[in-house]
file final.cif (mmCIF, C-alpha atoms)
data_data
#
loop_
_atom_site.group_PDB
_atom_site.id
_atom_site.type_symbol
_atom_site.label_atom_id
_atom_site.label_comp_id
_atom_site.auth_asym_id
_atom_site.auth_seq_id
_atom_site.Cartn_x
_atom_site.Cartn_y
_atom_site.Cartn_z
ATOM 1 C CA MET K 1 -15.479 86.987 11.348
ATOM 2 C CA THR K 2 -17.594 84.791 13.588
ATOM 3 C CA GLY K 3 -15.922 84.384 16.943
ATOM 4 C CA GLU K 4 -13.195 86.906 16.177
ATOM 5 C CA ILE K 5 -12.409 89.807 18.426
ATOM 6 C CA CYS K 6 -12.610 93.076 16.546
ATOM 7 C CA PHE K 7 -10.461 96.055 17.478
ATOM 8 C CA PHE K 8 -11.281 99.486 16.195
ATOM 9 C CA ARG K 9 -8.564 102.038 15.625
ATOM 10 C CA LYS K 10 -9.016 105.082 17.811
ATOM 11 C CA ARG K 11 -9.262 108.543 16.371
ATOM 12 C CA PHE K 12 -6.944 111.291 17.431
ATOM 13 C CA PHE K 13 -9.772 113.242 19.116
ATOM 14 C CA GLY K 14 -11.752 110.486 20.864
ATOM 15 C CA GLY K 15 -13.993 107.798 19.516
ATOM 16 C CA PHE K 16 -13.219 105.126 16.987
ATOM 17 C CA ASN K 17 -12.250 105.165 13.340
ATOM 18 C CA ARG K 18 -15.500 105.551 11.449
ATOM 19 C CA GLU K 19 -14.459 103.303 8.528
ATOM 20 C CA ASP K 20 -13.578 100.471 10.950
ATOM 21 C CA VAL K 21 -17.004 100.669 12.579
ATOM 22 C CA ILE K 22 -18.866 100.857 9.250
ATOM 23 C CA SER K 23 -16.856 97.919 7.893
ATOM 24 C CA TYR K 24 -17.600 95.875 11.019
ATOM 25 C CA ILE K 25 -21.318 96.632 10.852
ATOM 26 C CA ALA K 26 -21.414 95.663 7.159
ATOM 27 C CA THR K 27 -19.597 92.408 7.903
ATOM 28 C CA ILE K 28 -21.851 91.349 10.757
ATOM 29 C CA SER K 29 -24.916 92.372 8.753
ATOM 30 C CA GLN K 30 -23.818 90.107 5.890
ATOM 31 C CA GLU K 31 -23.128 87.247 8.325
ATOM 32 C CA ARG K 32 -26.579 87.717 9.862
ATOM 33 C CA ASN K 33 -28.227 87.560 6.427
ATOM 34 C CA GLU K 34 -26.302 84.384 5.566
ATOM 35 C CA LEU K 35 -27.271 82.791 8.870
ATOM 36 C CA MET K 36 -30.931 83.735 8.396
ATOM 37 C CA ALA K 37 -30.914 82.168 4.913
ATOM 38 C CA ALA K 38 -29.304 79.002 6.297
ATOM 39 C CA LYS K 39 -31.890 78.913 9.102
ATOM 40 C CA GLU K 40 -34.775 79.231 6.636
ATOM 41 C CA LYS K 41 -33.314 76.453 4.481
ATOM 42 C CA ALA K 42 -32.880 74.186 7.525
ATOM 43 C CA GLU K 43 -36.456 74.893 8.647
ATOM 44 C CA GLU K 44 -37.793 73.969 5.193
ATOM 45 C CA GLU K 45 -35.752 70.750 5.220
ATOM 46 C CA LEU K 46 -37.167 69.958 8.664
ATOM 47 C CA ARG K 47 -40.738 70.544 7.448
ATOM 48 C CA GLU K 48 -40.076 68.221 4.491
ATOM 49 C CA LEU K 49 -38.683 65.516 6.783
ATOM 50 C CA ILE K 50 -41.708 65.829 9.073
ATOM 51 C CA ARG K 51 -44.026 65.383 6.060
ATOM 52 C CA GLU K 52 -41.984 62.363 4.950
ATOM 53 C CA VAL K 53 -42.176 60.763 8.410
ATOM 54 C CA ALA K 54 -45.945 61.313 8.519
ATOM 55 C CA THR K 55 -46.323 59.699 5.088
ATOM 56 C CA LEU K 56 -44.200 56.706 6.109
ATOM 57 C CA ARG K 57 -46.165 56.270 9.340
ATOM 58 C CA PHE K 58 -49.421 56.306 7.389
ATOM 59 C CA GLU K 59 -48.127 53.811 4.822
ATOM 60 C CA THR K 60 -46.813 51.557 7.593
ATOM 61 C CA GLU K 61 -50.176 51.631 9.388
ATOM 62 C CA VAL K 62 -52.030 50.785 6.159
ATOM 63 C CA ALA K 63 -49.634 47.931 5.376
ATOM 64 C CA TRP K 64 -49.933 46.575 8.927
ATOM 65 C CA ARG K 65 -53.757 46.630 8.787
ATOM 66 C CA LEU K 66 -53.811 44.964 5.358
ATOM 67 C CA THR K 67 -51.409 42.280 6.592
ATOM 68 C CA LYS K 68 -53.552 41.689 9.663
ATOM 69 C CA GLU K 69 -56.752 41.509 7.597
ATOM 70 C CA THR K 70 -55.142 39.150 5.085
ATOM 71 C CA LYS K 71 -53.867 36.932 7.877
ATOM 72 C CA GLU K 72 -57.337 36.828 9.483
ATOM 73 C CA THR K 73 -58.974 36.081 6.112
ATOM 74 C CA ILE K 74 -56.633 33.189 5.402
ATOM 75 C CA LYS K 75 -57.079 31.848 8.919
ATOM 76 C CA GLY K 76 -60.866 32.155 8.564
ATOM 77 C CA GLU K 77 -60.829 30.124 5.363
ATOM 78 C CA GLY K 78 -59.476 27.144 7.276
ATOM 79 C CA GLN K 79 -56.027 27.222 5.813
ATOM 80 C CA ASN K 80 -52.847 26.990 7.817
ATOM 81 C CA GLU K 81 -51.965 30.103 9.711
ATOM 82 C CA ILE K 82 -49.405 32.257 7.989
ATOM 83 C CA HIS K 83 -46.969 34.193 10.106
ATOM 84 C CA VAL K 84 -46.230 37.632 8.715
ATOM 85 C CA TYR K 85 -43.683 39.744 10.492
#
call {"tool": "encode", "arguments": {"input": "final.cif", "output": "structure tokens"}}
result
Amino acid sequence: MTGEICFFRKRFFGGFNREDVISYIATISQERNELMAAKEKAEEELRELIREVATLRFETEVAWRLTKETKETIKGEGQNEIHVY
């Protein structure tokens, strides 16, 4: 029903058909619940991706420091300089 225009049947003595209104409210309520569940799932996936990025950044920093220290150690021992990229 998302994006649809809803028309309610009119009653003979003013107002709208009660069943049409109740049906519409039930439909949009169900859509809202589905959207809220999808939003919560997307937020959890985002939190997981943020944790993953933080872990990868940490691991990259550790690897970079170890590479730098290893390179300095080898250079300090008088051996040929090793280029690590």
call {"tool": "atom_distance", "arguments": {"input": "final.cif", "atom1": "CA of Leu35 in chain K", "atom2": "CA of Ile50 in chain K"}}
result
22.3 Å
call {"tool": "atom_distance", "arguments": {"input": "final.cif", "atom1": "CA of Thr27 in chain K", "atom2": "CA of Glu40 in chain K"}}
result
20.1 Å
call {"tool": "axis_aligned_box", "arguments": {"input": "final.cif", "around": "range 58-77 of chain K", "padding_each_side": "4 Å", "output": "AutoDock Vina command-line options"}}
result
--center_x -53.8 --center_y 43.2 --center_z 7.2 --size_x 22.1 --size_y 34.2 --size_z 12.8
call {"tool": "atom_distance", "arguments": {"input": "final.cif", "atom1": "CA of Glu52 in chain K", "atom2": "CA of Glu34 in chain K"}}
result
27.0 Å
call {"tool": "build_atoms", "arguments": {"input": "final.cif", "residues": "range 39-74 of chain K", "atoms": "N, CA and C atoms", "output": "PDB file, in the frame of the given file"}}
result
ATOM      1  N   LYS K  39     -30.837  79.309   8.163  1.00  0.00           N
ATOM      2  CA  LYS K  39     -31.890  78.913   9.102  1.00  0.00           C
ATOM      3  C   LYS K  39     -33.185  78.596   8.355  1.00  0.00           C
ATOM      4  N   GLU K  40     -33.557  79.459   7.417  1.00  0.00           N
ATOM      5  CA  GLU K  40     -34.775  79.231   6.636  1.00  0.00           C
ATOM      6  C   GLU K  40     -34.678  77.943   5.833  1.00  0.00           C
ATOM      7  N   LYS K  41     -33.516  77.684   5.246  1.00  0.00           N
ATOM      8  CA  LYS K  41     -33.314  76.453   4.481  1.00  0.00           C
ATOM      9  C   LYS K  41     -33.429  75.238   5.395  1.00  0.00           C
ATOM     10  N   ALA K  42     -32.820  75.301   6.578  1.00  0.00           N
ATOM     11  CA  ALA K  42     -32.880  74.186   7.525  1.00  0.00           C
ATOM     12  C   ALA K  42     -34.312  73.953   8.000  1.00  0.00           C
ATOM     13  N   GLU K  43     -35.063  75.035   8.229  1.00  0.00           N
ATOM     14  CA  GLU K  43     -36.456  74.893   8.647  1.00  0.00           C
ATOM     15  C   GLU K  43     -37.296  74.232   7.560  1.00  0.00           C
ATOM     16  N   GLU K  44     -37.055  74.592   6.304  1.00  0.00           N
ATOM     17  CA  GLU K  44     -37.793  73.969   5.193  1.00  0.00           C
ATOM     18  C   GLU K  44     -37.443  72.488   5.083  1.00  0.00           C
ATOM     19  N   GLU K  45     -36.157  72.159   5.245  1.00  0.00           N
ATOM     20  CA  GLU K  45     -35.752  70.750   5.220  1.00  0.00           C
ATOM     21  C   GLU K  45     -36.410  69.981   6.361  1.00  0.00           C
ATOM     22  N   LEU K  46     -36.510  70.597   7.526  1.00  0.00           N
ATOM     23  CA  LEU K  46     -37.167  69.958   8.664  1.00  0.00           C
ATOM     24  C   LEU K  46     -38.640  69.723   8.373  1.00  0.00           C
ATOM     25  N   ARG K  47     -39.319  70.730   7.797  1.00  0.00           N
ATOM     26  CA  ARG K  47     -40.738  70.544   7.448  1.00  0.00           C
ATOM     27  C   ARG K  47     -40.914  69.398   6.459  1.00  0.00           C
ATOM     28  N   GLU K  48     -40.007  69.306   5.478  1.00  0.00           N
ATOM     29  CA  GLU K  48     -40.076  68.221   4.491  1.00  0.00           C
ATOM     30  C   GLU K  48     -39.871  66.864   5.157  1.00  0.00           C
ATOM     31  N   LEU K  49     -38.922  66.775   6.069  1.00  0.00           N
ATOM     32  CA  LEU K  49     -38.683  65.516   6.783  1.00  0.00           C
ATOM     33  C   LEU K  49     -39.884  65.133   7.649  1.00  0.00           C
ATOM     34  N   ILE K  50     -40.520  66.103   8.265  1.00  0.00           N
ATOM     35  CA  ILE K  50     -41.708  65.829   9.073  1.00  0.00           C
ATOM     36  C   ILE K  50     -42.827  65.294   8.191  1.00  0.00           C
ATOM     37  N   ARG K  51     -43.001  65.893   7.001  1.00  0.00           N
ATOM     38  CA  ARG K  51     -44.026  65.383   6.060  1.00  0.00           C
ATOM     39  C   ARG K  51     -43.692  63.957   5.627  1.00  0.00           C
ATOM     40  N   GLU K  52     -42.411  63.693   5.376  1.00  0.00           N
ATOM     41  CA  GLU K  52     -41.984  62.363   4.950  1.00  0.00           C
ATOM     42  C   GLU K  52     -42.239  61.323   6.047  1.00  0.00           C
ATOM     43  N   VAL K  53     -41.938  61.676   7.285  1.00  0.00           N
ATOM     44  CA  VAL K  53     -42.176  60.763   8.410  1.00  0.00           C
ATOM     45  C   VAL K  53     -43.671  60.481   8.551  1.00  0.00           C
ATOM     46  N   ALA K  54     -44.497  61.504   8.419  1.00  0.00           N
ATOM     47  CA  ALA K  54     -45.945  61.313   8.519  1.00  0.00           C
ATOM     48  C   ALA K  54     -46.448  60.379   7.413  1.00  0.00           C
ATOM     49  N   THR K  55     -45.933  60.564   6.201  1.00  0.00           N
ATOM     50  CA  THR K  55     -46.323  59.699   5.088  1.00  0.00           C
ATOM     51  C   THR K  55     -45.902  58.255   5.353  1.00  0.00           C
ATOM     52  N   LEU K  56     -44.682  58.066   5.822  1.00  0.00           N
ATOM     53  CA  LEU K  56     -44.200  56.706   6.109  1.00  0.00           C
ATOM     54  C   LEU K  56     -44.992  56.053   7.234  1.00  0.00           C
ATOM     55  N   ARG K  57     -45.339  56.825   8.251  1.00  0.00           N
ATOM     56  CA  ARG K  57     -46.165  56.270   9.340  1.00  0.00           C
ATOM     57  C   ARG K  57     -47.521  55.817   8.811  1.00  0.00           C
ATOM     58  N   PHE K  58     -48.132  56.655   7.959  1.00  0.00           N
ATOM     59  CA  PHE K  58     -49.421  56.306   7.389  1.00  0.00           C
ATOM     60  C   PHE K  58     -49.309  55.036   6.544  1.00  0.00           C
ATOM     61  N   GLU K  59     -48.308  54.982   5.683  1.00  0.00           N
ATOM     62  CA  GLU K  59     -48.127  53.811   4.822  1.00  0.00           C
ATOM     63  C   GLU K  59     -47.850  52.553   5.646  1.00  0.00           C
ATOM     64  N   THR K  60     -47.094  52.695   6.720  1.00  0.00           N
ATOM     65  CA  THR K  60     -46.813  51.557   7.593  1.00  0.00           C
ATOM     66  C   THR K  60     -48.087  51.068   8.267  1.00  0.00           C
ATOM     67  N   GLU K  61     -48.904  51.990   8.745  1.00  0.00           N
ATOM     68  CA  GLU K  61     -50.176  51.631   9.388  1.00  0.00           C
ATOM     69  C   GLU K  61     -51.100  50.909   8.404  1.00  0.00           C
ATOM     70  N   VAL K  62     -51.183  51.423   7.182  1.00  0.00           N
ATOM     71  CA  VAL K  62     -52.030  50.785   6.159  1.00  0.00           C
ATOM     72  C   VAL K  62     -51.516  49.374   5.856  1.00  0.00           C
ATOM     73  N   ALA K  63     -50.212  49.241   5.673  1.00  0.00           N
ATOM     74  CA  ALA K  63     -49.634  47.931   5.376  1.00  0.00           C
ATOM     75  C   ALA K  63     -49.862  46.962   6.533  1.00  0.00           C
ATOM     76  N   TRP K  64     -49.714  47.429   7.764  1.00  0.00           N
ATOM     77  CA  TRP K  64     -49.933  46.575   8.927  1.00  0.00           C
ATOM     78  C   TRP K  64     -51.381  46.108   8.988  1.00  0.00           C
ATOM     79  N   ARG K  65     -52.332  47.017   8.751  1.00  0.00           N
ATOM     80  CA  ARG K  65     -53.757  46.630   8.787  1.00  0.00           C
ATOM     81  C   ARG K  65     -54.091  45.644   7.664  1.00  0.00           C
ATOM     82  N   LEU K  66     -53.552  45.888   6.466  1.00  0.00           N
ATOM     83  CA  LEU K  66     -53.811  44.964   5.358  1.00  0.00           C
ATOM     84  C   LEU K  66     -53.227  43.584   5.646  1.00  0.00           C
ATOM     85  N   THR K  67     -52.032  43.555   6.241  1.00  0.00           N
ATOM     86  CA  THR K  67     -51.409  42.280   6.592  1.00  0.00           C
ATOM     87  C   THR K  67     -52.250  41.552   7.631  1.00  0.00           C
ATOM     88  N   LYS K  68     -52.725  42.288   8.602  1.00  0.00           N
ATOM     89  CA  LYS K  68     -53.552  41.689   9.663  1.00  0.00           C
ATOM     90  C   LYS K  68     -54.858  41.158   9.076  1.00  0.00           C
ATOM     91  N   GLU K  69     -55.490  41.948   8.221  1.00  0.00           N
ATOM     92  CA  GLU K  69     -56.752  41.509   7.597  1.00  0.00           C
ATOM     93  C   GLU K  69     -56.523  40.291   6.710  1.00  0.00           C
ATOM     94  N   THR K  70     -55.457  40.284   5.948  1.00  0.00           N
ATOM     95  CA  THR K  70     -55.142  39.150   5.085  1.00  0.00           C
ATOM     96  C   THR K  70     -54.892  37.901   5.917  1.00  0.00           C
ATOM     97  N   LYS K  71     -54.160  38.051   6.983  1.00  0.00           N
ATOM     98  CA  LYS K  71     -53.867  36.932   7.877  1.00  0.00           C
ATOM     99  C   LYS K  71     -55.163  36.375   8.479  1.00  0.00           C
ATOM    100  N   GLU K  72     -56.058  37.263   8.911  1.00  0.00           N
ATOM    101  CA  GLU K  72     -57.337  36.828   9.483  1.00  0.00           C
ATOM    102  C   GLU K  72     -58.215  36.163   8.426  1.00  0.00           C
ATOM    103  N   THR K  73     -58.180  36.669   7.199  1.00  0.00           N
ATOM    104  CA  THR K  73     -58.974  36.081   6.112  1.00  0.00           C
ATOM    105  C   THR K  73     -58.492  34.675   5.799  1.00  0.00           C
ATOM    106  N   ILE K  74     -57.192  34.513   5.701  1.00  0.00           N
ATOM    107  CA  ILE K  74     -56.633  33.189   5.402  1.00  0.00           C
ATOM    108  C   ILE K  74     -56.936  32.220   6.539  1.00  0.00           C
TER     109      ILE K  74
END
